Amino acid sequence: MRYVDELRDPRLIRAVAAEIARLADPDRHYRIMEVCGGHTHAIYRHGLVELLPPNVELIHGPGCPVCVLPMGRIDDGLALAEQPNVIFTAFGDMMRVPGRRGTPLEYRARGADIRMVYSPLDALKLAQAHPEKHVVFFAIGFETTAPSTALTLQKAKALGIRNFSVFCNHVLIVPAIRAILDSPDMRLDGFIGPGHVSTVIGCRPYLFVARDYGKPLVVSGFEPLDILQSILMILRQLAEGRAEVENQYSRVVPWDGNRAALAAMAEVFELRPYFEWRGLGFISQSALKISEAYADWDAERQFDVPGVRVTDPKAAQCGEVLKGVLKPPQCKLFGRECTPEHPIGALMVSNEGACAAYYHYVHRLAAAGRDD
Amino acid sequence: MRETSVQPTFHDAVIELVHGAGGKASRRLIEGLFLPLLANPALIPLEDSAIMSIEGLRLALTTDAFVVKPLRFPGGSIGELAVHGTVNDLAVSGARPLGLLAAFIVEAGLPSEVLRAEVEALARAARRAGVSIVGGDTKVVEHGKADGLYIVTAGVGLVDPRAELGVHRVRPGDQILISGPIGDHGITVLLARGELDLEADLVSDTRALTPFVEALLEAASPGLHWMRDPTRGGVATALNELARDARVAITLAEEAIPVRDAVRGACELLGLDPLYIANEGQLLAVVDPAWADAALAALQRVPGGEQAACIGEVQEQPAGVVIVSTPYGGQRVIDMLVGDPLPRIC
């Protein structure tokens with residue numbers, strides 16, 4: 001399969017892994033954060049950790065939009081789903097994420113009209129097909145999915161479709177990276193930069209990481225060869241004493257991003273003064289809400305959203321894992337109270353969350369001697 | 001037998017969809033509720049068919065309920081599935097089907113021609129599998145229930161005297177064979193629902209596995225240790241159950257597992273793993289290494305078995321775990337399915 005097989009070529013992958021091993025200084029411990037959940041998933045799925053020398057450690061970042069969404073926002077969304085005459089739509093990613101009284105799938109089993117869509121445009125089509133109903137789209141994601149939400153709202157406005165609204169939970173990647181860099185217990189040496197997000201925002205927004213914090217950042221693709229090459233590029237920068245933003249994923253990511261997508265976002269969204277991130281707490285100017293011009297399509301304005309706040313149990317150490325202070329199994333709840341079937345903390349929720357990925361792909365191997 | 005007082009350990013307050021998805025929660029329900037309350041020697045192994053010995057003959061009994069949506073999809077429909085599902089549960093127990101029963105739960109308002117088409121599909125599939133539908137039942141439920149049509153089939157079969165199957169026979173060193181490419185059925189049905197606006201040149205693999213079992217028994221019965229048709233939950237879940245029940249480890253070589261490009265492409269796009277996708281016409285067999293070549297050749301000689309492959313091996317440690325090795329020397333653990341596979345977007 002093109003664009004897949006050549007980037008999974010075992011010979012090339014072994015060659016890059018050997019180069020990483022050669023370049024890594026044995027007297028030094030490297031902590032590299034992959035910001036994006038898609039990278040976390042790929043790293044575990046392809047067993048890449050085992051191809052790295054033991055002193056090159058990957059830390060799994062906050063880039064899983066499902067994971068960082070506070071449970072209260074899910075409850076708010078599900079409260080909309082329970083309104084009479086509402087068809088509630090969401091991506092597959094959200095369908096198994098628990099609120100306090102269950103997941104969207106469980107609400108659906110109890111009778112709520114909740115449907116999985118592949119794109120917000122599909123939700124808009126549903127609104128056109130069901131003029132007697134009101135269709136709410138549960139928008140989540142970073143700058144990757146925000147442009148498609150923006151485009152859908154522009155289309156709804158242009159076509160005058162009034163039985164459609166968006167419950168907006170879009171978040172921004174740069175404030176999250178900055179929050180991690182500003183955290184007092186930060187101990188990272190470099191970043192594998194997000195791939196999909198960067199197709200939209202480009203590479204420039206990351207320049208502060210190199211300039212102000214002196215850390216290398218390499219925007220990376222998602223195939224095994226992409227990720228290993230990005231790690232190699234970071235190690236090269238560190239070996240040469242450089243701190244720069246580099247683009248490994250240039251076959252997809254333009255340096256300046258996608259101007260049309262950014263323009264659509266600028267028209268439809270504005271910054272929230274602050275937003276709560278599960279595991280990281282409140283971060284200022286880190287999320288988007290729907291702008292005044294699109295207020296008629298904003299579910300938070302059209303409905304009485306309860307505004308639920310649910311705090312994660314104190315024992316969950318998601319924040320420490322996110323910042324690389326703890327590995328997933330070092331959390332007190334990991335694999336005991338908190339499992340993919342019954343997630344307590346944010347990172348166990350989605351397959352792209354660090355804890356869930358670790359649990360699925362590594363933990364059972366380590367635990368086999370104990371509990372099986 | 002003495003009365004045993006085993007208490008159920010299943011305490012979930014409500015039955016959710018996940019309890020029927022074929023993964024971990026299903027297993028918890030079956031082992032925590034049904035098994036303790038119904039326990040008896042034929043049920044306890046929890047195999048695809050129950051085996052009862054009567055006057056020197058081994059009878060295999062099985063039943064399966066079909067609730068697929070949509071009723072028709074490329075390559076098949078609920079009527080064919082209802083035959084193949086039950087015939088295959090018998091087949092992987094080493095049994096040739098003697099007869100099937102079919103119960104229809106019909107939603108009021110279903111066009112008669114839809115029902116007729118499914119009964120025709122049922123008849124056609126039964127004829128091809130060499131089995132008769134010898135009885136049945138019909139119930140009609142209110143409009144809005146039962147998604148048009150549910151079918152439940154039950155089957156009885158005669159276990160081949162050459163077949164000696166079960167987790168107790170699985171040994172380290174045994175080879176793991178698959179009869180063909182995985183994931184066709186699950187991806188076909190997912191796309192046929194039309195929710196994803198994706199198209200692919202794919203058809204369900206629904207078929208009777210009897211010819212494959214026949215070929216294995218003919219070519220390698222002394223070395224044939226265990227079989228399963230990996231339906232809901234896919235190859236990953238079937239092999240996890242084996243690893244757990246036989247207290248062995250299973251290692252798979254990722255590059256050896258046959259997957260069609262269309263299935264791979266859809267899985268890459270949707271963030272799914274073909275190992276968790278349902279099949280309706282594939283067979284997993286665990287074979288003694290001395291018989292593995294003969295068994296594989298036999299599978300490949302069956303029409304439709306050309307892509308059969310040896311995908312892995314049974315090992316002693318770490319017991320209870322399924323591991324996939326990637327072509328570049330990495331490894332990952334493959335757990336049982338948790339809930340239905342859902343596409344990932346963001």
# chains A, B, ... in the order shown; residues from 1 in each chain; ligands from 1
>>> closest_atom_pairs(of="chain B", to="chain A", cutoff="9 Å", atoms="only C-alpha atoms", output="tab-separated table")
residue	atom	partner	partner_atom	distance
B:Glu16	CA	A:Glu106	CA	6.4
B:Leu17	CA	A:Ala109	CA	6.8
B:Val18	CA	A:Glu106	CA	8.7
B:Lys24	CA	A:Glu341	CA	8.5
B:Ala25	CA	A:Glu341	CA	8.4
B:Glu195	CA	A:Val117	CA	6.6
B:Leu196	CA	A:Tyr118	CA	5.6
B:Asp197	CA	A:Tyr118	CA	8.0
B:Arg244	CA	A:Asp372	CA	7.6
B:Arg247	CA	A:Asp372	CA	8.5
B:Asp261	CA	A:Met1	CA	6.8
B:Arg264	CA	A:Met1	CA	8.5
B:Gly265	CA	A:Met1	CA	7.8
B:Gln317	CA	A:Ala368	CA	8.7
B:Pro318	CA	A:Ala368	CA	5.9
B:Ala319	CA	A:Ala368	CA	6.4
B:Gly320	CA	A:Asp372	CA	6.2
B:Val321	CA	A:Leu365	CA	6.7
B:Val322	CA	A:Leu365	CA	8.7
B:Ile323	CA	A:Leu365	CA	8.2
B:Ser325	CA	A:Gly47	CA	8.0
B:Thr326	CA	A:His46	CA	6.3
B:Pro327	CA	A:Pro10	CA	5.9
B:Tyr328	CA	A:Pro10	CA	4.7
B:Gly329	CA	A:Leu51	CA	7.2
B:Gly330	CA	A:Gly47	CA	4.1
B:Gln331	CA	A:Gly47	CA	4.7
B:Arg332	CA	A:Tyr361	CA	4.9
B:Val333	CA	A:Tyr361	CA	4.3
B:Ile334	CA	A:Tyr361	CA	6.4
B:Asp335	CA	A:His360	CA	6.1
B:Val338	CA	A:Glu341	CA	6.7
B:Gly339	CA	A:Arg96	CA	8.3
B:Leu342	CA	A:Gly92	CA	5.4
B:Pro343	CA	A:Gly92	CA	5.2
B:Arg344	CA	A:Asp93	CA	5.0
B:Ile345	CA	A:Asp93	CA	6.5
B:Cys346	CA	A:Gly141	CA	5.7
>>> write_last_selection(atoms="N, CA and C atoms", output="compact mmCIF listing (two decimals), in the first residue's frame")
# COMPACT_ATOMS: atom_id res chain seq x y z
N GLU B 16 -25.42 -3.66 29.27
CA GLU B 16 -25.14 -2.64 28.25
C GLU B 16 -24.75 -3.36 26.96
N LEU B 17 -24.67 -2.57 25.86
CA LEU B 17 -24.31 -3.15 24.57
C LEU B 17 -22.99 -3.91 24.65
N VAL B 18 -22.07 -3.37 25.45
CA VAL B 18 -20.73 -3.95 25.52
C VAL B 18 -20.76 -5.40 26.01
N LYS B 24 -14.27 -8.55 26.42
CA LYS B 24 -14.07 -8.79 27.85
C LYS B 24 -15.37 -8.80 28.65
N ALA B 25 -16.24 -7.82 28.36
CA ALA B 25 -17.45 -7.71 29.16
C ALA B 25 -18.36 -8.90 28.90
N GLU B 195 -22.74 4.96 7.09
CA GLU B 195 -22.54 6.12 7.96
C GLU B 195 -21.22 6.81 7.67
N LEU B 196 -20.32 6.12 7.00
CA LEU B 196 -18.95 6.63 6.91
C LEU B 196 -18.61 7.24 5.56
N ASP B 197 -19.52 7.12 4.58
CA ASP B 197 -19.24 7.71 3.29
C ASP B 197 -17.93 7.20 2.69
N ARG B 244 -5.51 -17.80 27.43
CA ARG B 244 -5.92 -17.83 28.83
C ARG B 244 -6.33 -19.24 29.26
N ARG B 247 -3.44 -21.65 29.18
CA ARG B 247 -2.28 -21.17 29.96
C ARG B 247 -1.00 -21.23 29.14
N ASP B 261 -5.75 -5.51 0.94
CA ASP B 261 -5.41 -4.09 0.92
C ASP B 261 -6.60 -3.20 1.28
N ARG B 264 -7.01 -3.34 4.99
CA ARG B 264 -5.90 -2.60 5.61
C ARG B 264 -6.11 -1.11 5.47
N GLY B 265 -6.47 -0.70 4.24
CA GLY B 265 -6.66 0.73 3.98
C GLY B 265 -7.76 1.30 4.85
N GLN B 317 5.72 -19.24 27.71
CA GLN B 317 5.67 -18.00 28.51
C GLN B 317 5.65 -16.78 27.60
N PRO B 318 5.08 -15.66 28.03
CA PRO B 318 4.32 -15.44 29.26
C PRO B 318 2.89 -15.95 29.12
N ALA B 319 2.49 -16.85 29.99
CA ALA B 319 1.19 -17.51 29.86
C ALA B 319 0.04 -16.51 29.88
N GLY B 320 -0.94 -16.75 29.03
CA GLY B 320 -2.15 -15.92 29.03
C GLY B 320 -2.07 -14.70 28.13
N VAL B 321 -0.99 -14.55 27.39
CA VAL B 321 -0.79 -13.31 26.63
C VAL B 321 -0.61 -13.60 25.14
N VAL B 322 -1.16 -12.73 24.31
CA VAL B 322 -0.95 -12.81 22.87
C VAL B 322 -0.04 -11.65 22.46
N ILE B 323 1.06 -11.99 21.78
CA ILE B 323 2.05 -10.97 21.41
C ILE B 323 2.20 -10.97 19.89
N SER B 325 4.70 -9.74 16.92
CA SER B 325 6.00 -9.14 16.64
C SER B 325 5.92 -8.43 15.29
N THR B 326 6.42 -7.19 15.28
CA THR B 326 6.39 -6.39 14.07
C THR B 326 7.60 -6.77 13.22
N PRO B 327 7.55 -6.47 11.92
CA PRO B 327 8.64 -6.93 11.04
C PRO B 327 9.98 -6.29 11.38
N TYR B 328 9.99 -5.23 12.20
CA TYR B 328 11.27 -4.57 12.50
C TYR B 328 11.76 -4.89 13.89
N GLY B 329 11.21 -5.92 14.52
CA GLY B 329 11.77 -6.35 15.78
C GLY B 329 11.09 -5.78 17.01
N GLY B 330 10.05 -4.97 16.84
CA GLY B 330 9.28 -4.50 17.98
C GLY B 330 8.19 -5.52 18.32
N GLN B 331 7.58 -5.35 19.48
CA GLN B 331 6.50 -6.24 19.87
C GLN B 331 5.36 -5.44 20.47
N ARG B 332 4.15 -5.99 20.39
CA ARG B 332 3.08 -5.40 21.16
C ARG B 332 2.16 -6.51 21.66
N VAL B 333 1.53 -6.22 22.79
CA VAL B 333 0.58 -7.16 23.34
C VAL B 333 -0.77 -6.91 22.69
N ILE B 334 -1.46 -7.98 22.34
CA ILE B 334 -2.80 -7.86 21.78
C ILE B 334 -3.77 -8.35 22.83
N ASP B 335 -4.54 -7.43 23.39
CA ASP B 335 -5.49 -7.79 24.44
C ASP B 335 -6.81 -8.22 23.80
N VAL B 338 -12.21 -4.64 23.89
CA VAL B 338 -13.06 -3.99 24.89
C VAL B 338 -14.13 -3.23 24.11
N GLY B 339 -15.35 -3.72 24.14
CA GLY B 339 -16.43 -3.07 23.39
C GLY B 339 -16.25 -3.28 21.89
N LEU B 342 -14.61 1.00 17.20
CA LEU B 342 -15.22 2.23 16.69
C LEU B 342 -14.17 3.01 15.93
N PRO B 343 -14.57 3.67 14.84
CA PRO B 343 -13.58 4.46 14.10
C PRO B 343 -13.06 5.62 14.95
N ARG B 344 -11.79 5.89 14.83
CA ARG B 344 -11.21 7.05 15.50
C ARG B 344 -11.01 8.15 14.48
N ILE B 345 -11.32 9.37 14.82
CA ILE B 345 -11.19 10.46 13.87
C ILE B 345 -10.18 11.49 14.33
N CYS B 346 -10.30 11.95 15.56
CA CYS B 346 -9.48 13.10 15.96
C CYS B 346 -8.14 12.66 16.54
>>> select_by_dssp(residues="region 119-288 of chain A", states="strand (DSSP E or B)", output="PyMOL selection string")
chain A and resi 134-141+164-171+190-193+217-219+245-247+269-271+274-277+281-284+287-288
>>> closest_residue(among="A:Ile231, A:Leu262, A:Ile192, A:Cys67", to="Leu217 (chain A)", atoms="only C-alpha atoms")
A:Ile192
>>> residues_around(residues="Glu244 (chain A)", least_positions_apart="5", cutoff="12 Å", atoms="only C-alpha atoms", output="PyMOL selection string")
chain A and resi 190-193+203-204+206-219+233-238
>>> residues_around(residues="Leu100 (chain B)", least_positions_apart="3", cutoff="9 Å", atoms="only C-alpha atoms", output="PyMOL selection string")
chain B and resi 83+86-87+97+126+131-136+153-157
>>> write_last_selection(atoms="C-alpha atoms", output="CSV table (one decimal), in the first residue's frame")
chain,number,residue,atom,x,y,z
B,83,VAL,CA,-26.7,-20.9,8.5
B,86,THR,CA,-24.1,-22.3,13.3
B,87,VAL,CA,-22.6,-24.7,10.8
B,97,PRO,CA,-23.9,-30.8,10.7
B,126,ALA,CA,-28.1,-24.7,3.9
B,131,VAL,CA,-27.6,-29.5,5.8
B,132,SER,CA,-31.3,-29.3,6.2
B,133,ILE,CA,-33.4,-26.9,8.2
B,134,VAL,CA,-35.5,-29.4,10.0
B,135,GLY,CA,-37.7,-27.2,12.2
B,136,GLY,CA,-38.3,-23.7,13.5
B,153,THR,CA,-30.4,-21.0,14.6
B,154,ALA,CA,-29.5,-24.1,16.5
B,155,GLY,CA,-27.6,-27.1,15.1
B,156,VAL,CA,-26.7,-30.6,15.9
B,157,GLY,CA,-23.8,-32.4,14.4
>>> residues_around(residues="Val56 (chain A)", least_positions_apart="2", cutoff="9 Å", atoms="only C-alpha atoms", output="ChimeraX atom specification")
/A:21,24,28-32,49,52-54,58
>>> write_last_selection(atoms="N, CA and C atoms", output="mmCIF file, in the first residue's frame")
data_model
loop_
_atom_site.group_PDB
_atom_site.id
_atom_site.type_symbol
_atom_site.label_atom_id
_atom_site.label_comp_id
_atom_site.auth_asym_id
_atom_site.auth_seq_id
_atom_site.Cartn_x
_atom_site.Cartn_y
_atom_site.Cartn_z
ATOM 1 N N ALA A 21 20.963 4.660 18.012
ATOM 2 C CA ALA A 21 21.771 4.030 19.066
ATOM 3 C C ALA A 21 23.204 4.564 19.032
ATOM 4 N N ALA A 24 23.143 8.366 20.370
ATOM 5 C CA ALA A 24 22.743 8.630 21.761
ATOM 6 C C ALA A 24 23.965 8.492 22.665
ATOM 7 N N ARG A 28 24.140 9.988 28.974
ATOM 8 C CA ARG A 28 23.084 10.979 29.097
ATOM 9 C C ARG A 28 21.732 10.279 29.035
ATOM 10 N N HIS A 29 20.718 10.796 29.730
ATOM 11 C CA HIS A 29 19.359 10.267 29.618
ATOM 12 C C HIS A 29 18.510 11.270 28.839
ATOM 13 N N TYR A 30 17.884 10.811 27.781
ATOM 14 C CA TYR A 30 17.093 11.706 26.935
ATOM 15 C C TYR A 30 15.616 11.500 27.222
ATOM 16 N N ARG A 31 14.903 12.603 27.454
ATOM 17 C CA ARG A 31 13.442 12.511 27.593
ATOM 18 C C ARG A 31 12.810 13.319 26.463
ATOM 19 N N ILE A 32 12.143 12.607 25.563
ATOM 20 C CA ILE A 32 11.545 13.252 24.403
ATOM 21 C C ILE A 32 10.040 13.061 24.475
ATOM 22 N N VAL A 49 9.299 1.484 21.020
ATOM 23 C CA VAL A 49 10.093 1.711 22.230
ATOM 24 C C VAL A 49 11.243 0.707 22.299
ATOM 25 N N LEU A 52 14.546 1.507 20.595
ATOM 26 C CA LEU A 52 15.354 2.630 21.078
ATOM 27 C C LEU A 52 16.293 2.160 22.187
ATOM 28 N N PRO A 53 17.462 2.816 22.304
ATOM 29 C CA PRO A 53 18.339 2.493 23.436
ATOM 30 C C PRO A 53 17.632 2.863 24.741
ATOM 31 N N PRO A 54 17.967 2.181 25.842
ATOM 32 C CA PRO A 54 17.225 2.400 27.092
ATOM 33 C C PRO A 54 17.319 3.831 27.619
ATOM 34 N N LEU A 58 10.643 7.944 25.800
ATOM 35 C CA LEU A 58 9.560 8.728 25.191
ATOM 36 C C LEU A 58 8.517 9.049 26.253
#
>>> closest_residue(among="B:Gly85, B:Gly194, B:Gly180, B:Gly304", to="Leu284 (chain B)", atoms="only C-alpha atoms")
B:Gly180
>>> select_by_dssp(residues="region 125-224 of chain B", states="alpha helix (DSSP H)", output="list in words")
Ala125, Ala126, Arg127, Arg128, Ala129, Asp184, His185, Gly186, Ile187, Thr188, Val189, Leu190, Leu191, Ala192, Thr210, Pro211, Phe212, Val213, Glu214, Ala215, Leu216, Leu217, Glu218, Ala219 and Ala220 of chain B
>>> write_last_selection(atoms="N, CA and C atoms", output="compact mmCIF listing (two decimals), in the first residue's frame")
# COMPACT_ATOMS: atom_id res chain seq x y z
N ALA B 125 -28.02 -21.26 1.40
CA ALA B 125 -26.80 -21.51 2.19
C ALA B 125 -26.83 -22.90 2.79
N ALA B 126 -28.00 -23.33 3.25
CA ALA B 126 -28.11 -24.66 3.86
C ALA B 126 -27.82 -25.74 2.81
N ARG B 127 -28.39 -25.54 1.62
CA ARG B 127 -28.18 -26.52 0.55
C ARG B 127 -26.68 -26.63 0.27
N ARG B 128 -26.02 -25.48 0.13
CA ARG B 128 -24.60 -25.48 -0.19
C ARG B 128 -23.76 -26.11 0.93
N ALA B 129 -24.20 -25.92 2.16
CA ALA B 129 -23.46 -26.50 3.29
C ALA B 129 -23.83 -27.95 3.53
N ASP B 184 -12.58 -9.12 6.49
CA ASP B 184 -13.48 -8.78 5.37
C ASP B 184 -14.91 -8.52 5.83
N HIS B 185 -15.44 -9.41 6.68
CA HIS B 185 -16.85 -9.29 7.04
C HIS B 185 -17.11 -8.01 7.85
N GLY B 186 -16.33 -7.81 8.89
CA GLY B 186 -16.56 -6.65 9.76
C GLY B 186 -16.47 -5.34 9.02
N ILE B 187 -15.45 -5.21 8.17
CA ILE B 187 -15.29 -3.95 7.45
C ILE B 187 -16.39 -3.79 6.40
N THR B 188 -16.78 -4.88 5.74
CA THR B 188 -17.86 -4.80 4.75
C THR B 188 -19.15 -4.30 5.40
N VAL B 189 -19.49 -4.86 6.56
CA VAL B 189 -20.74 -4.47 7.23
C VAL B 189 -20.64 -3.03 7.74
N LEU B 190 -19.47 -2.67 8.29
CA LEU B 190 -19.27 -1.30 8.77
C LEU B 190 -19.51 -0.30 7.63
N LEU B 191 -18.94 -0.61 6.44
CA LEU B 191 -19.10 0.31 5.32
C LEU B 191 -20.52 0.26 4.76
N ALA B 192 -21.16 -0.93 4.82
CA ALA B 192 -22.52 -1.07 4.26
C ALA B 192 -23.53 -0.27 5.06
N THR B 210 -17.07 -26.05 6.62
CA THR B 210 -17.01 -27.52 6.61
C THR B 210 -15.93 -28.07 5.68
N PRO B 211 -15.77 -27.56 4.44
CA PRO B 211 -14.73 -28.13 3.57
C PRO B 211 -13.32 -27.95 4.14
N PHE B 212 -13.08 -26.85 4.85
CA PHE B 212 -11.75 -26.62 5.43
C PHE B 212 -11.49 -27.62 6.56
N VAL B 213 -12.51 -27.83 7.38
CA VAL B 213 -12.36 -28.77 8.50
C VAL B 213 -12.15 -30.18 7.96
N GLU B 214 -12.94 -30.52 6.95
CA GLU B 214 -12.82 -31.83 6.30
C GLU B 214 -11.38 -32.03 5.80
N ALA B 215 -10.83 -31.00 5.14
CA ALA B 215 -9.48 -31.08 4.59
C ALA B 215 -8.45 -31.25 5.71
N LEU B 216 -8.63 -30.54 6.82
CA LEU B 216 -7.69 -30.65 7.93
C LEU B 216 -7.74 -32.03 8.56
N LEU B 217 -8.95 -32.54 8.74
CA LEU B 217 -9.09 -33.87 9.36
C LEU B 217 -8.48 -34.94 8.46
N GLU B 218 -8.67 -34.76 7.16
CA GLU B 218 -8.16 -35.72 6.19
C GLU B 218 -6.62 -35.72 6.20
N ALA B 219 -6.04 -34.52 6.25
CA ALA B 219 -4.59 -34.40 6.05
C ALA B 219 -3.79 -34.47 7.35
N ALA B 220 -4.40 -34.06 8.46
CA ALA B 220 -3.57 -33.85 9.66
C ALA B 220 -4.29 -34.13 10.96
>>> closest_residue(among="B:Ala13, B:Gln307, B:Trp226, B:Val6", to="Leu38 (chain B)", atoms="only C-alpha atoms")
B:Val6
>>> residues_around(residues="region 150-162 of chain A", least_positions_apart="5", cutoff="6 Å", atoms="only C-alpha atoms", output="PyMOL selection string")
chain A and resi 121+264-265+268
>>> residues_around(residues="Gln302 (chain A)", least_positions_apart="5", cutoff="10 Å", atoms="only C-alpha atoms", output="list in words")
Phe164, Ser165, Val166, Phe167, Ala295, Asp296 and Trp297 of chain A
>>> atom_distance(atom1="CA of Asp25 (chain A)", atom2="CA of Cys355 (chain A)")
28.4 Å
>>> decode(residues="region 89-101 of chain A", atoms="C-alpha atoms", output="mmCIF file, in the first residue's frame")
data_model
loop_
_atom_site.group_PDB
_atom_site.id
_atom_site.type_symbol
_atom_site.label_atom_id
_atom_site.label_comp_id
_atom_site.auth_asym_id
_atom_site.auth_seq_id
_atom_site.Cartn_x
_atom_site.Cartn_y
_atom_site.Cartn_z
ATOM 1 C CA THR A 89 -23.898 13.420 16.941
ATOM 2 C CA ALA A 90 -20.278 12.700 17.808
ATOM 3 C CA PHE A 91 -17.142 11.097 16.429
ATOM 4 C CA GLY A 92 -16.553 7.410 17.174
ATOM 5 C CA ASP A 93 -13.755 8.482 19.507
ATOM 6 C CA MET A 94 -16.290 9.901 21.962
ATOM 7 C CA MET A 95 -18.740 7.023 21.999
ATOM 8 C CA ARG A 96 -17.079 5.074 24.793
ATOM 9 C CA VAL A 97 -15.920 7.990 26.911
ATOM 10 C CA PRO A 98 -17.701 7.938 30.257
ATOM 11 C CA GLY A 99 -19.567 10.798 31.858
ATOM 12 C CA ARG A 100 -20.797 10.364 35.413
ATOM 13 C CA ARG A 101 -23.860 8.432 34.290
#
